[in-house]
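Printed here is work.json (JSON, C-alpha atoms):
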[["chain", "number", "residue", "atom", "x", "y", "z"],
["A", 1, "MET", "CA", -19.83, 10.31, 24.99],
["A", 2, "ARG", "CA", -21.48, 7.42, 26.79],
["A", 3, "PHE", "CA", -24.88, 8.68, 27.92],
["A", 4, "THR", "CA", -27.79, 6.30, 27.50],
["A", 5, "PHE", "CA", -31.22, 6.34, 25.95],
["A", 6, "ARG", "CA", -32.66, 5.81, 29.44],
["A", 7, "GLN", "CA", -30.89, 8.91, 30.77],
["A", 8, "LEU", "CA", -32.30, 10.98, 27.90],
["A", 9, "LYS", "CA", -35.83, 9.73, 28.58],
["A", 10, "TYR", "CA", -35.61, 10.54, 32.28],
["A", 11, "PHE", "CA", -34.19, 14.00, 31.50],
["A", 12, "VAL", "CA", -37.04, 14.74, 29.05],
["A", 13, "ALA", "CA", -39.62, 13.55, 31.60],
["A", 14, "ALA", "CA", -38.17, 15.76, 34.32],
["A", 15, "ALA", "CA", -38.17, 18.75, 31.98],
["A", 16, "LYS", "CA", -41.76, 18.04, 30.95],
["A", 17, "TYR", "CA", -43.20, 17.62, 34.45],
["A", 18, "GLY", "CA", -41.00, 20.17, 36.21],
["A", 19, "SER", "CA", -39.71, 18.04, 39.08],
["A", 20, "ILE", "CA", -38.04, 14.74, 39.88],
["A", 21, "LYS", "CA", -41.06, 13.69, 41.95],
["A", 22, "ALA", "CA", -43.62, 14.43, 39.23],
["A", 23, "ALA", "CA", -41.49, 12.72, 36.57],
["A", 24, "SER", "CA", -41.07, 9.69, 38.82],
["A", 25, "GLN", "CA", -44.81, 9.38, 39.28],
["A", 26, "GLN", "CA", -45.58, 9.75, 35.56],
["A", 27, "ILE", "CA", -43.03, 7.23, 34.25],
["A", 28, "TYR", "CA", -43.30, 4.83, 37.22],
["A", 29, "ILE", "CA", -39.60, 4.99, 38.09],
["A", 30, "SER", "CA", -38.23, 5.69, 41.58],
["A", 31, "GLN", "CA", -37.15, 9.26, 42.37],
["A", 32, "PRO", "CA", -33.53, 8.23, 43.16],
["A", 33, "ALA", "CA", -33.27, 6.45, 39.78],
["A", 34, "VAL", "CA", -34.49, 9.53, 37.89],
["A", 35, "SER", "CA", -32.24, 11.88, 39.89],
["A", 36, "THR", "CA", -29.17, 9.68, 39.43],
["A", 37, "ALA", "CA", -29.76, 9.33, 35.68],
["A", 38, "ILE", "CA", -29.99, 13.11, 35.22],
["A", 39, "SER", "CA", -26.87, 13.71, 37.31],
["A", 40, "GLN", "CA", -24.96, 11.13, 35.26],
["A", 41, "LEU", "CA", -26.14, 12.77, 32.03],
["A", 42, "GLU", "CA", -24.96, 16.20, 33.22],
["A", 43, "GLU", "CA", -21.61, 14.74, 34.22],
["A", 44, "GLU", "CA", -21.18, 13.02, 30.87],
["A", 45, "LEU", "CA", -22.12, 16.16, 28.93],
["A", 46, "GLY", "CA", -20.09, 18.42, 31.20],
["A", 47, "ALA", "CA", -22.98, 20.85, 31.46],
["A", 48, "GLN", "CA", -25.67, 21.81, 33.96],
["A", 49, "LEU", "CA", -29.11, 21.08, 32.53],
["A", 50, "PHE", "CA", -31.37, 22.16, 35.42],
["A", 51, "LEU", "CA", -31.50, 24.74, 38.14],
["A", 52, "ARG", "CA", -32.73, 22.89, 41.22],
["A", 53, "ASN", "CA", -35.03, 24.84, 43.55],
["A", 54, "HIS", "CA", -36.70, 22.84, 46.29],
["A", 55, "ALA", "CA", -39.65, 25.24, 46.37],
["A", 56, "LYS", "CA", -40.17, 25.63, 42.62],
["A", 57, "GLY", "CA", -38.76, 22.32, 41.37],
["A", 58, "LEU", "CA", -36.59, 22.18, 38.23],
["A", 59, "SER", "CA", -35.89, 24.92, 35.72],
["A", 60, "LEU", "CA", -34.01, 24.29, 32.48],
["A", 61, "THR", "CA", -30.78, 26.20, 31.93],
["A", 62, "PRO", "CA", -30.15, 27.71, 28.45],
["A", 63, "THR", "CA", -27.99, 24.68, 27.67],
["A", 64, "GLY", "CA", -30.68, 22.41, 29.08],
["A", 65, "ARG", "CA", -33.27, 23.89, 26.71],
["A", 66, "ARG", "CA", -31.06, 23.22, 23.71],
["A", 67, "VAL", "CA", -30.27, 19.69, 24.89],
["A", 68, "LEU", "CA", -34.00, 19.07, 25.44],
["A", 69, "THR", "CA", -34.77, 19.85, 21.78],
["A", 70, "GLU", "CA", -32.12, 17.39, 20.59],
["A", 71, "ALA", "CA", -33.05, 14.75, 23.17],
["A", 72, "GLU", "CA", -36.70, 14.77, 22.11],
["A", 73, "ALA", "CA", -35.66, 14.39, 18.46],
["A", 74, "ALA", "CA", -33.32, 11.51, 19.37],
["A", 75, "ILE", "CA", -36.05, 9.72, 21.33],
["A", 76, "ARG", "CA", -38.50, 10.06, 18.40],
["A", 77, "ALA", "CA", -35.88, 8.62, 16.04],
["A", 78, "VAL", "CA", -35.17, 5.63, 18.28],
["A", 79, "GLU", "CA", -38.88, 4.93, 18.76],
["A", 80, "ARG", "CA", -39.35, 5.11, 14.99],
["A", 81, "ILE", "CA", -36.74, 2.36, 14.61],
["A", 82, "ALA", "CA", -38.89, 0.12, 16.79],
["A", 83, "ASP", "CA", -41.97, 1.04, 14.76],
["A", 84, "VAL", "CA", -40.23, 0.12, 11.50],
["A", 85, "ALA", "CA", -39.25, -3.28, 12.89],
["A", 86, "THR", "CA", -42.83, -3.88, 14.06],
["A", 87, "GLU", "CA", -44.25, -2.89, 10.68],
["A", 88, "GLY", "CA", -41.97, -5.49, 9.06],
["A", 89, "ARG", "CA", -43.72, -8.19, 11.09],
["A", 90, "ASP", "CA", -47.21, -7.20, 9.97],
["A", 91, "CYS", "CA", -48.37, -7.79, 6.39],
["A", 92, "ARG", "CA", -51.19, -5.30, 6.93],
["A", 93, "ASN", "CA", -48.61, -2.52, 6.75],
["A", 94, "GLU", "CA", -47.19, -1.46, 3.39],
["A", 95, "GLN", "CA", -43.71, -2.85, 2.91],
["A", 96, "PHE", "CA", -41.27, -3.77, 0.17],
["A", 97, "LEU", "CA", -39.75, -7.16, -0.53],
["A", 98, "ASN", "CA", -36.53, -7.49, -2.53],
["A", 99, "ILE", "CA", -36.53, -10.74, -4.50],
["A", 100, "GLY", "CA", -34.21, -12.22, -7.12],
["A", 101, "PHE", "CA", -34.78, -14.33, -10.22],
["A", 102, "PHE", "CA", -32.32, -16.36, -12.23],
["A", 103, "THR", "CA", -32.09, -14.47, -15.49],
["A", 104, "THR", "CA", -33.69, -17.14, -17.73],
["A", 105, "LEU", "CA", -36.70, -17.43, -15.40],
["A", 106, "ALA", "CA", -37.57, -13.78, -14.80],
["A", 107, "ALA", "CA", -39.32, -12.94, -18.08],
["A", 108, "LEU", "CA", -41.54, -16.03, -17.90],
["A", 109, "MET", "CA", -42.40, -16.20, -14.20],
["A", 110, "LEU", "CA", -42.25, -12.66, -12.82],
["A", 111, "PRO", "CA", -45.21, -11.02, -14.63],
["A", 112, "GLU", "CA", -47.76, -13.60, -13.48],
["A", 113, "MET", "CA", -46.26, -14.03, -10.02],
["A", 114, "SER", "CA", -46.14, -10.29, -9.42],
["A", 115, "SER", "CA", -49.77, -9.88, -10.44],
["A", 116, "VAL", "CA", -51.18, -12.82, -8.47],
["A", 117, "PHE", "CA", -49.05, -12.27, -5.38],
["A", 118, "GLY", "CA", -50.02, -8.59, -5.41],
["A", 119, "SER", "CA", -53.70, -9.50, -5.45],
["A", 120, "ILE", "CA", -53.24, -11.77, -2.41],
["A", 121, "TYR", "CA", -50.94, -9.41, -0.50],
["A", 122, "PRO", "CA", -51.80, -5.89, -1.74],
["A", 123, "ASN", "CA", -49.66, -4.25, 0.94],
["A", 124, "ILE", "CA", -46.45, -6.02, -0.09],
["A", 125, "ARG", "CA", -44.61, -4.41, -3.00],
["A", 126, "LEU", "CA", -42.22, -6.73, -4.81],
["A", 127, "LYS", "CA", -38.91, -5.19, -5.87],
["A", 128, "PRO", "CA", -37.44, -7.78, -8.25],
["A", 129, "CYS", "CA", -34.03, -8.07, -9.84],
["A", 130, "GLU", "CA", -32.60, -10.71, -12.14],
["A", 131, "GLY", "CA", -29.14, -12.03, -12.84],
["A", 132, "SER", "CA", -26.78, -14.98, -12.93],
["A", 133, "GLN", "CA", -26.38, -17.50, -10.13],
["A", 134, "LYS", "CA", -23.32, -15.68, -8.80],
["A", 135, "PHE", "CA", -25.23, -12.40, -8.84],
["A", 136, "LEU", "CA", -27.98, -13.97, -6.72],
["A", 137, "PHE", "CA", -25.44, -15.52, -4.31],
["A", 138, "ASP", "CA", -23.81, -12.12, -3.73],
["A", 139, "ALA", "CA", -27.14, -10.31, -3.43],
["A", 140, "LEU", "CA", -28.33, -12.74, -0.73],
["A", 141, "ARG", "CA", -25.06, -12.49, 1.18],
["A", 142, "ASN", "CA", -25.21, -8.70, 1.10],
["A", 143, "ALA", "CA", -28.92, -8.73, 2.08],
["A", 144, "ASP", "CA", -29.74, -6.82, -1.11],
["A", 145, "ILE", "CA", -32.47, -9.44, -1.60],
["A", 146, "GLU", "CA", -34.16, -11.71, 0.93],
["A", 147, "ILE", "CA", -35.15, -14.60, -1.31],
["A", 148, "ALA", "CA", -34.54, -15.80, -4.87],
["A", 149, "ILE", "CA", -36.08, -18.18, -7.39],
["A", 150, "THR", "CA", -33.38, -20.10, -9.19],
["A", 151, "TYR", "CA", -31.95, -23.48, -10.11],
["A", 152, "GLU", "CA", -30.04, -25.90, -7.90],
["A", 153, "LEU", "CA", -26.67, -25.03, -9.40],
["A", 154, "HIS", "CA", -23.54, -25.10, -7.22],
["A", 155, "ILE", "CA", -25.34, -23.91, -4.07],
["A", 156, "PRO", "CA", -22.73, -22.79, -1.48],
["A", 157, "ASN", "CA", -22.84, -23.91, 2.14],
["A", 158, "ASP", "CA", -23.98, -20.54, 3.52],
["A", 159, "LEU", "CA", -27.21, -20.58, 1.47],
["A", 160, "ASN", "CA", -30.30, -22.78, 1.73],
["A", 161, "PHE", "CA", -32.03, -24.18, -1.36],
["A", 162, "TYR", "CA", -35.62, -25.43, -1.11],
["A", 163, "PRO", "CA", -36.65, -27.44, -4.22],
["A", 164, "LEU", "CA", -40.15, -26.85, -5.56],
["A", 165, "ALA", "CA", -40.20, -28.51, -9.00],
["A", 166, "GLU", "CA", -38.17, -30.50, -11.50],
["A", 167, "LEU", "CA", -37.81, -29.09, -15.00],
["A", 168, "PRO", "CA", -36.99, -31.56, -17.79],
["A", 169, "THR", "CA", -34.24, -30.58, -20.19],
["A", 170, "TYR", "CA", -35.36, -29.85, -23.74],
["A", 171, "ALA", "CA", -33.74, -29.27, -27.08],
["A", 172, "TYR", "CA", -35.45, -26.48, -29.01],
["A", 173, "VAL", "CA", -35.15, -26.17, -32.74],
["A", 174, "SER", "CA", -36.62, -24.32, -35.70],
["A", 175, "GLU", "CA", -40.03, -25.59, -36.78],
["A", 176, "ASP", "CA", -38.41, -26.50, -40.11],
["A", 177, "ASP", "CA", -35.72, -28.63, -38.47],
["A", 178, "ALA", "CA", -35.80, -32.36, -39.23],
["A", 179, "ILE", "CA", -36.12, -33.27, -35.55],
["A", 180, "ALA", "CA", -38.92, -30.78, -34.82],
["A", 181, "THR", "CA", -41.62, -33.46, -35.09],
["A", 182, "LYS", "CA", -39.79, -36.07, -33.00],
["A", 183, "LYS", "CA", -40.93, -37.04, -29.51],
["A", 184, "GLU", "CA", -37.34, -37.08, -28.31],
["A", 185, "VAL", "CA", -33.79, -36.85, -29.51],
["A", 186, "SER", "CA", -30.57, -38.39, -28.22],
["A", 187, "ILE", "CA", -27.51, -36.50, -27.06],
["A", 188, "THR", "CA", -25.56, -38.37, -29.74],
["A", 189, "GLU", "CA", -27.77, -36.93, -32.47],
["A", 190, "LEU", "CA", -27.60, -33.45, -30.97],
["A", 191, "ALA", "CA", -23.79, -33.58, -30.81],
["A", 192, "LYS", "CA", -23.78, -33.64, -34.62],
["A", 193, "LYS", "CA", -25.74, -30.40, -34.89],
["A", 194, "PRO", "CA", -24.55, -26.83, -34.21],
["A", 195, "LEU", "CA", -25.39, -25.71, -30.67],
["A", 196, "ILE", "CA", -26.54, -22.14, -29.99],
["A", 197, "LEU", "CA", -25.54, -21.94, -26.33],
["A", 198, "VAL", "CA", -27.07, -19.78, -23.63],
["A", 199, "ASP", "CA", -23.77, -18.57, -22.20],
["A", 200, "ILE", "CA", -24.58, -17.88, -18.55],
["A", 201, "PRO", "CA", -22.09, -19.02, -15.88],
["A", 202, "LEU", "CA", -22.94, -22.38, -14.26],
["A", 203, "LEU", "CA", -25.96, -22.87, -16.53],
["A", 204, "SER", "CA", -23.89, -23.27, -19.69],
["A", 205, "GLU", "CA", -21.57, -25.67, -17.85],
["A", 206, "TYR", "CA", -24.61, -27.73, -16.86],
["A", 207, "TYR", "CA", -25.71, -28.04, -20.50],
["A", 208, "ILE", "CA", -22.22, -28.94, -21.68],
["A", 209, "ARG", "CA", -22.02, -31.69, -19.03],
["A", 210, "LEU", "CA", -25.03, -33.36, -20.67],
["A", 211, "PHE", "CA", -22.71, -34.18, -23.55],
["A", 212, "GLU", "CA", -19.59, -34.90, -21.51],
["A", 213, "GLN", "CA", -21.46, -37.42, -19.35],
["A", 214, "ASN", "CA", -22.07, -39.38, -22.54],
["A", 215, "ASP", "CA", -18.45, -39.05, -23.71],
["A", 216, "LEU", "CA", -19.39, -36.47, -26.31],
["A", 217, "SER", "CA", -18.52, -32.86, -27.02],
["A", 218, "PRO", "CA", -21.10, -30.30, -28.16],
["A", 219, "ASN", "CA", -20.60, -28.53, -31.47],
["A", 220, "ILE", "CA", -20.92, -24.97, -30.14],
["A", 221, "SER", "CA", -21.32, -22.58, -33.06],
["A", 222, "PHE", "CA", -22.58, -19.50, -31.20],
["A", 223, "ARG", "CA", -22.71, -18.27, -27.60],
["A", 224, "SER", "CA", -24.68, -15.46, -26.05],
["A", 225, "SER", "CA", -25.97, -14.50, -22.63],
["A", 226, "ASN", "CA", -28.95, -12.89, -24.38],
["A", 227, "VAL", "CA", -31.66, -15.56, -24.18],
["A", 228, "GLU", "CA", -33.88, -13.85, -26.75],
["A", 229, "LEU", "CA", -31.01, -13.69, -29.23],
["A", 230, "VAL", "CA", -30.27, -17.39, -28.76],
["A", 231, "ALA", "CA", -33.95, -18.24, -29.32],
["A", 232, "ALA", "CA", -34.08, -16.04, -32.44],
["A", 233, "MET", "CA", -30.95, -17.71, -33.85],
["A", 234, "VAL", "CA", -32.48, -21.12, -33.22],
["A", 235, "ALA", "CA", -35.81, -20.14, -34.76],
["A", 236, "GLY", "CA", -33.91, -18.85, -37.79],
["A", 237, "GLY", "CA", -32.36, -22.27, -38.36],
["A", 238, "ALA", "CA", -28.80, -21.54, -37.18],
["A", 239, "GLY", "CA", -28.76, -24.54, -34.84],
["A", 240, "PHE", "CA", -30.46, -25.93, -31.76],
["A", 241, "GLY", "CA", -30.66, -24.69, -28.22],
["A", 242, "ILE", "CA", -30.97, -26.37, -24.82],
["A", 243, "GLY", "CA", -33.21, -25.21, -22.02],
["A", 244, "ASN", "CA", -35.39, -26.16, -19.08],
["A", 245, "VAL", "CA", -38.11, -23.54, -19.31],
["A", 246, "ARG", "CA", -41.27, -24.27, -21.24],
["A", 247, "PRO", "CA", -42.81, -21.07, -22.64],
["A", 248, "ARG", "CA", -46.55, -20.93, -23.18],
["A", 249, "ARG", "CA", -45.90, -19.40, -26.59],
["A", 250, "ARG", "CA", -43.12, -20.46, -28.92],
["A", 251, "PHE", "CA", -42.85, -17.28, -30.97],
["A", 252, "VAL", "CA", -39.68, -15.25, -30.51],
["A", 253, "ALA", "CA", -38.82, -11.62, -31.16],
["A", 254, "ASN", "CA", -38.40, -11.96, -34.93],
["A", 255, "GLY", "CA", -41.84, -13.56, -35.36],
["A", 256, "THR", "CA", -40.58, -17.09, -36.02],
["A", 257, "ALA", "CA", -41.25, -20.06, -33.77],
["A", 258, "THR", "CA", -39.37, -22.91, -32.16],
["A", 259, "ALA", "CA", -40.33, -26.48, -31.34],
["A", 260, "LEU", "CA", -39.44, -28.30, -28.13],
["A", 261, "VAL", "CA", -38.11, -31.84, -28.30],
["A", 262, "GLY", "CA", -37.40, -34.06, -25.32],
["A", 263, "ILE", "CA", -33.83, -35.23, -24.68],
["A", 264, "ALA", "CA", -33.61, -38.99, -24.20],
["A", 265, "GLU", "CA", -30.82, -38.82, -21.63],
["A", 266, "GLN", "CA", -32.78, -36.71, -19.16],
["A", 267, "VAL", "CA", -31.08, -34.81, -16.35],
["A", 268, "PRO", "CA", -33.89, -32.62, -14.94],
["A", 269, "MET", "CA", -33.05, -29.31, -13.34],
["A", 270, "LYS", "CA", -34.43, -28.52, -9.88],
["A", 271, "LEU", "CA", -36.20, -25.19, -9.51],
["A", 272, "GLY", "CA", -36.63, -23.70, -6.06],
["A", 273, "LEU", "CA", -36.16, -20.96, -3.52],
["A", 274, "LEU", "CA", -32.79, -19.74, -2.32],
["A", 275, "CYS", "CA", -32.24, -17.96, 1.00],
["A", 276, "SER", "CA", -29.34, -17.02, 3.24],
["A", 277, "LYS", "CA", -28.77, -19.17, 6.32],
["A", 278, "ASN", "CA", -27.75, -16.05, 8.21],
["A", 279, "LEU", "CA", -30.89, -13.97, 7.60],
["A", 280, "HIS", "CA", -34.24, -14.52, 9.29],
["A", 281, "LEU", "CA", -36.96, -13.97, 6.70],
["A", 282, "SER", "CA", -39.32, -11.07, 7.19],
["A", 283, "VAL", "CA", -43.06, -11.67, 7.29],
["A", 284, "ALA", "CA", -43.22, -10.41, 3.69],
["A", 285, "ALA", "CA", -40.57, -12.91, 2.58],
["A", 286, "GLU", "CA", -42.36, -15.71, 4.45],
["A", 287, "ALA", "CA", -45.59, -14.77, 2.66],
["A", 288, "PHE", "CA", -43.77, -14.97, -0.68],
["A", 289, "GLU", "CA", -42.30, -18.35, 0.27],
["A", 290, "HIS", "CA", -45.77, -19.71, 1.12],
["A", 291, "TYR", "CA", -47.14, -18.37, -2.15],
["A", 292, "CYS", "CA", -44.34, -20.06, -4.13],
["A", 293, "ARG", "CA", -44.88, -23.38, -2.37],
["A", 294, "ALA", "CA", -48.57, -23.20, -3.20],
["A", 295, "THR", "CA", -48.15, -22.30, -6.88],
["A", 296, "ILE", "CA", -44.93, -23.98, -8.05],
["A", 297, "SER", "CA", -44.76, -27.75, -8.55],
["A", 298, "ASP", "CA", -43.80, -30.34, -11.15],
["A", 299, "HIS", "CA", -47.22, -29.83, -12.72],
["A", 300, "THR", "CA", -47.67, -26.08, -12.62],
["A", 301, "ILE", "CA", -45.24, -23.15, -12.76],
["A", 302, "PRO", "CA", -46.36, -19.52, -13.13],
["A", 303, "GLY", "CA", -45.77, -18.24, -16.64],
["A", 304, "MET", "CA", -44.88, -21.63, -18.12],
["A", 305, "ALA", "CA", -46.71, -24.39, -19.94],
["A", 306, "PRO", "CA", -46.92, -27.62, -17.91],
["A", 307, "SER", "CA", -43.78, -29.75, -17.93],
["A", 308, "ILE", "CA", -44.06, -33.19, -19.49],
["A", 309, "SER", "CA", -42.50, -36.52, -18.62],
["A", 310, "GLN", "CA", -40.69, -38.89, -20.92],
["A", 311, "THR", "CA", -43.88, -40.93, -21.45],
["A", 312, "ASP", "CA", -45.93, -37.88, -22.39],
["A", 313, "TRP", "CA", -44.09, -36.63, -25.47],
["A", 314, "GLU", "CA", -46.77, -37.98, -27.81],
["A", 315, "ASN", "CA", -49.42, -35.94, -26.01],
["A", 316, "ASP", "CA", -47.35, -32.75, -26.06],
["A", 317, "ALA", "CA", -49.11, -29.65, -27.29],
["A", 318, "ILE", "CA", -47.80, -26.15, -26.77],
["A", 319, "PRO", "CA", -50.39, -23.45, -27.55],
["A", 320, "ASP", "CA", -49.32, -20.88, -30.12]]
As structure tokens - that is how I would like this structure written.
Amino acid sequence: MRFTFRQLKYFVAAAKYGSIKAASQQIYISQPAVSTAISQLEEELGAQLFLRNHAKGLSLTPTGRRVLTEAEAAIRAVERIADVATEGRDCRNEQFLNIGFFTTLAALMLPEMSSVFGSIYPNIRLKPCEGSQKFLFDALRNADIEIAITYELHIPNDLNFYPLAELPTYAYVSEDDAIATKKEVSITELAKKPLILVDIPLLSEYYIRLFEQNDLSPNISFRSSNVELVAAMVAGGAGFGIGNVRPRRRFVANGTATALVGIAEQVPMKLGLLCSKNLHLSVAAEAFEHYCRATISDHTIPGMAPSISQTDWENDAIPD
């Protein structure tokens, strides 16, 4: 069937006001337009909706009464669609925002960001998810999330990356390790030690390239996508790890601690926002973007200790 929303509205108005003339006056549409729309609707439905009596006006037929009930419900549903779209443009209305985090960033950044953002925008409810870079790419393409916080790693052409901060690359070791007290360590020295690798697609390749760019190969002794397990293995003395995040506390799940050491051959990682080029951000997503731009920089990142430059290693102090 090919009847229109306009025809339904004119039919409902005529039924409500009892005549073409009265409906025309109430909805500010010409009488011929209202009459034609109703006739077209009857023709499309193959049913008579009104009895037309010049003296008494319009009377609904039994079929017309049933169609009226459904037409009114359809009009309410369509108008609700418009209301939902309008609510999405107004941060005063309660709404949900689906956001993504790269898996190594979520545990550090999300708790503080969720709390502070919620205090600024109490009507916006964040619905976060975390995963690998590929997971975030797919989620953005499918509109499962509107925006993501991640690294600049192999960004495809259909997505936009907006850098917010640079994160230096660190080696982290057990506090008992011989290099734990050093200001920095070379890739050459690290290549001699067992590497406990965070095995997450694209991220692990990035860390391995740090060695390959210096004509070296890492001595990978253990791999895991579980970041806490990698940190616990490192803290237990099984080897060293590589990372770009800088936790405010160095203690890991088993109660031991790690030390961060700068890598001499620095290749900082860019942290930023990732969005789809094909999706216009909602007001809620724009609010989150503005919040991120105001709170994330080279000097401050929610949930992390301040990053340090190569010249600042001697002043480094991570609170326990």
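Using all atoms listed in the file for every distance, the candidate list A:Ala22, A:Leu274, A:Ala231, A:Val12 yields A:Leu274 as the residue closest to Phe137 in chain A.
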TODO: Can you work out the spacing between CA of Ala259 in chain A and CA of Ser174 in chain A in Å, to one decimal?
DONE: 6.1 Å
Quick one: residues within 12 Å of Glu42 in chain A, all atoms listed in the file, excluding same-chain residues fewer than 6 positions away - as a CSV table (one decimal) with C-alpha atoms, in the frame of the given file?
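Ended up saving to out_18.csv:
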chain,number,residue,atom,x,y,z
A,1,MET,CA,-19.8,10.3,25.0
A,2,ARG,CA,-21.5,7.4,26.8
A,3,PHE,CA,-24.9,8.7,27.9
A,4,THR,CA,-27.8,6.3,27.5
A,7,GLN,CA,-30.9,8.9,30.8
A,8,LEU,CA,-32.3,11.0,27.9
A,11,PHE,CA,-34.2,14.0,31.5
A,35,SER,CA,-32.2,11.9,39.9
A,36,THR,CA,-29.2,9.7,39.4
A,48,GLN,CA,-25.7,21.8,34.0
A,49,LEU,CA,-29.1,21.1,32.5
A,50,PHE,CA,-31.4,22.2,35.4
A,51,LEU,CA,-31.5,24.7,38.1
A,61,THR,CA,-30.8,26.2,31.9
A,63,THR,CA,-28.0,24.7,27.7
A,64,GLY,CA,-30.7,22.4,29.1
A,67,VAL,CA,-30.3,19.7,24.9
Open item on the list: List the spatial neighbours of Tyr17 in chain A as a VMD selection string - criterion: any atom at most 12 Å away, all atoms listed in the file, same-chain residues fewer than 2 positions off excluded.
Closed with: chain A and resid 10 to 15 19 to 27 56 to 60
Open item on the list: As an exercise, work out the distance from CA of His299 in chain A to CA of Leu197 in chain A in Å and give it to one decimal place.
Closed with: 26.8 Å
Open item on the list: Would you compute the distance between CA of Thr258 in chain A and CA of Gly241 in chain A? Give it in Å to one decimal.
Closed with: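 Rounded to one decimal, the two atoms are 9.7 Å apart.
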TODO: Point out the residue among A:Tyr151, A:Phe222, A:Phe240, A:Phe102 with the least atom-to-atom distance to Val173 in chain A, counting all atoms listed in the file.
DONE: A:Phe240
Open item on the list: When you count only C-alpha atoms, which of these residues is closest to Ala71 in chain A: A:Ser39, A:Gln133, A:Gly303, A:Arg6?
Closed with: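 Closest candidate: A:Arg6.
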Task: Point (-28.9, -35.8, -27.1) neighbourhood (8 Å, only C-alpha atoms) written as a PyMOL selection string - done: chain A and resi 185-191+210-211+263-265
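Using only C-alpha atoms, the nearest neighbour of Arg293 in chain A within the list A:Leu164, A:Ala33, A:Cys275, A:Val198 is A:Leu164.
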Task: Which residue of A:Leu260, A:Ala235, A:Met269, A:Leu229 approaches Leu167 in chain A most closely, using only C-alpha atoms - done: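 So, comparing all the options, the nearest one is A:Met269.
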Open item on the list: Please determine, counting only C-alpha atoms, which residue among A:Ala180, A:Ala257, A:Leu108, A:Ala285 has the shortest atom-to-atom distance to Asn244 in chain A.
Closed with: A:Leu108
For range 217-228 of chain A, take all atoms listed in the file, fit an axis-aligned box around them, add 8 Å to each of the six sides, then output centre and edge lengths in Å rounded to one decimal, as JSON.
{"center_x": -26.2, "center_y": -22.9, "center_z": -27.8, "size_x": 31.4, "size_y": 36.0, "size_z": 26.4}
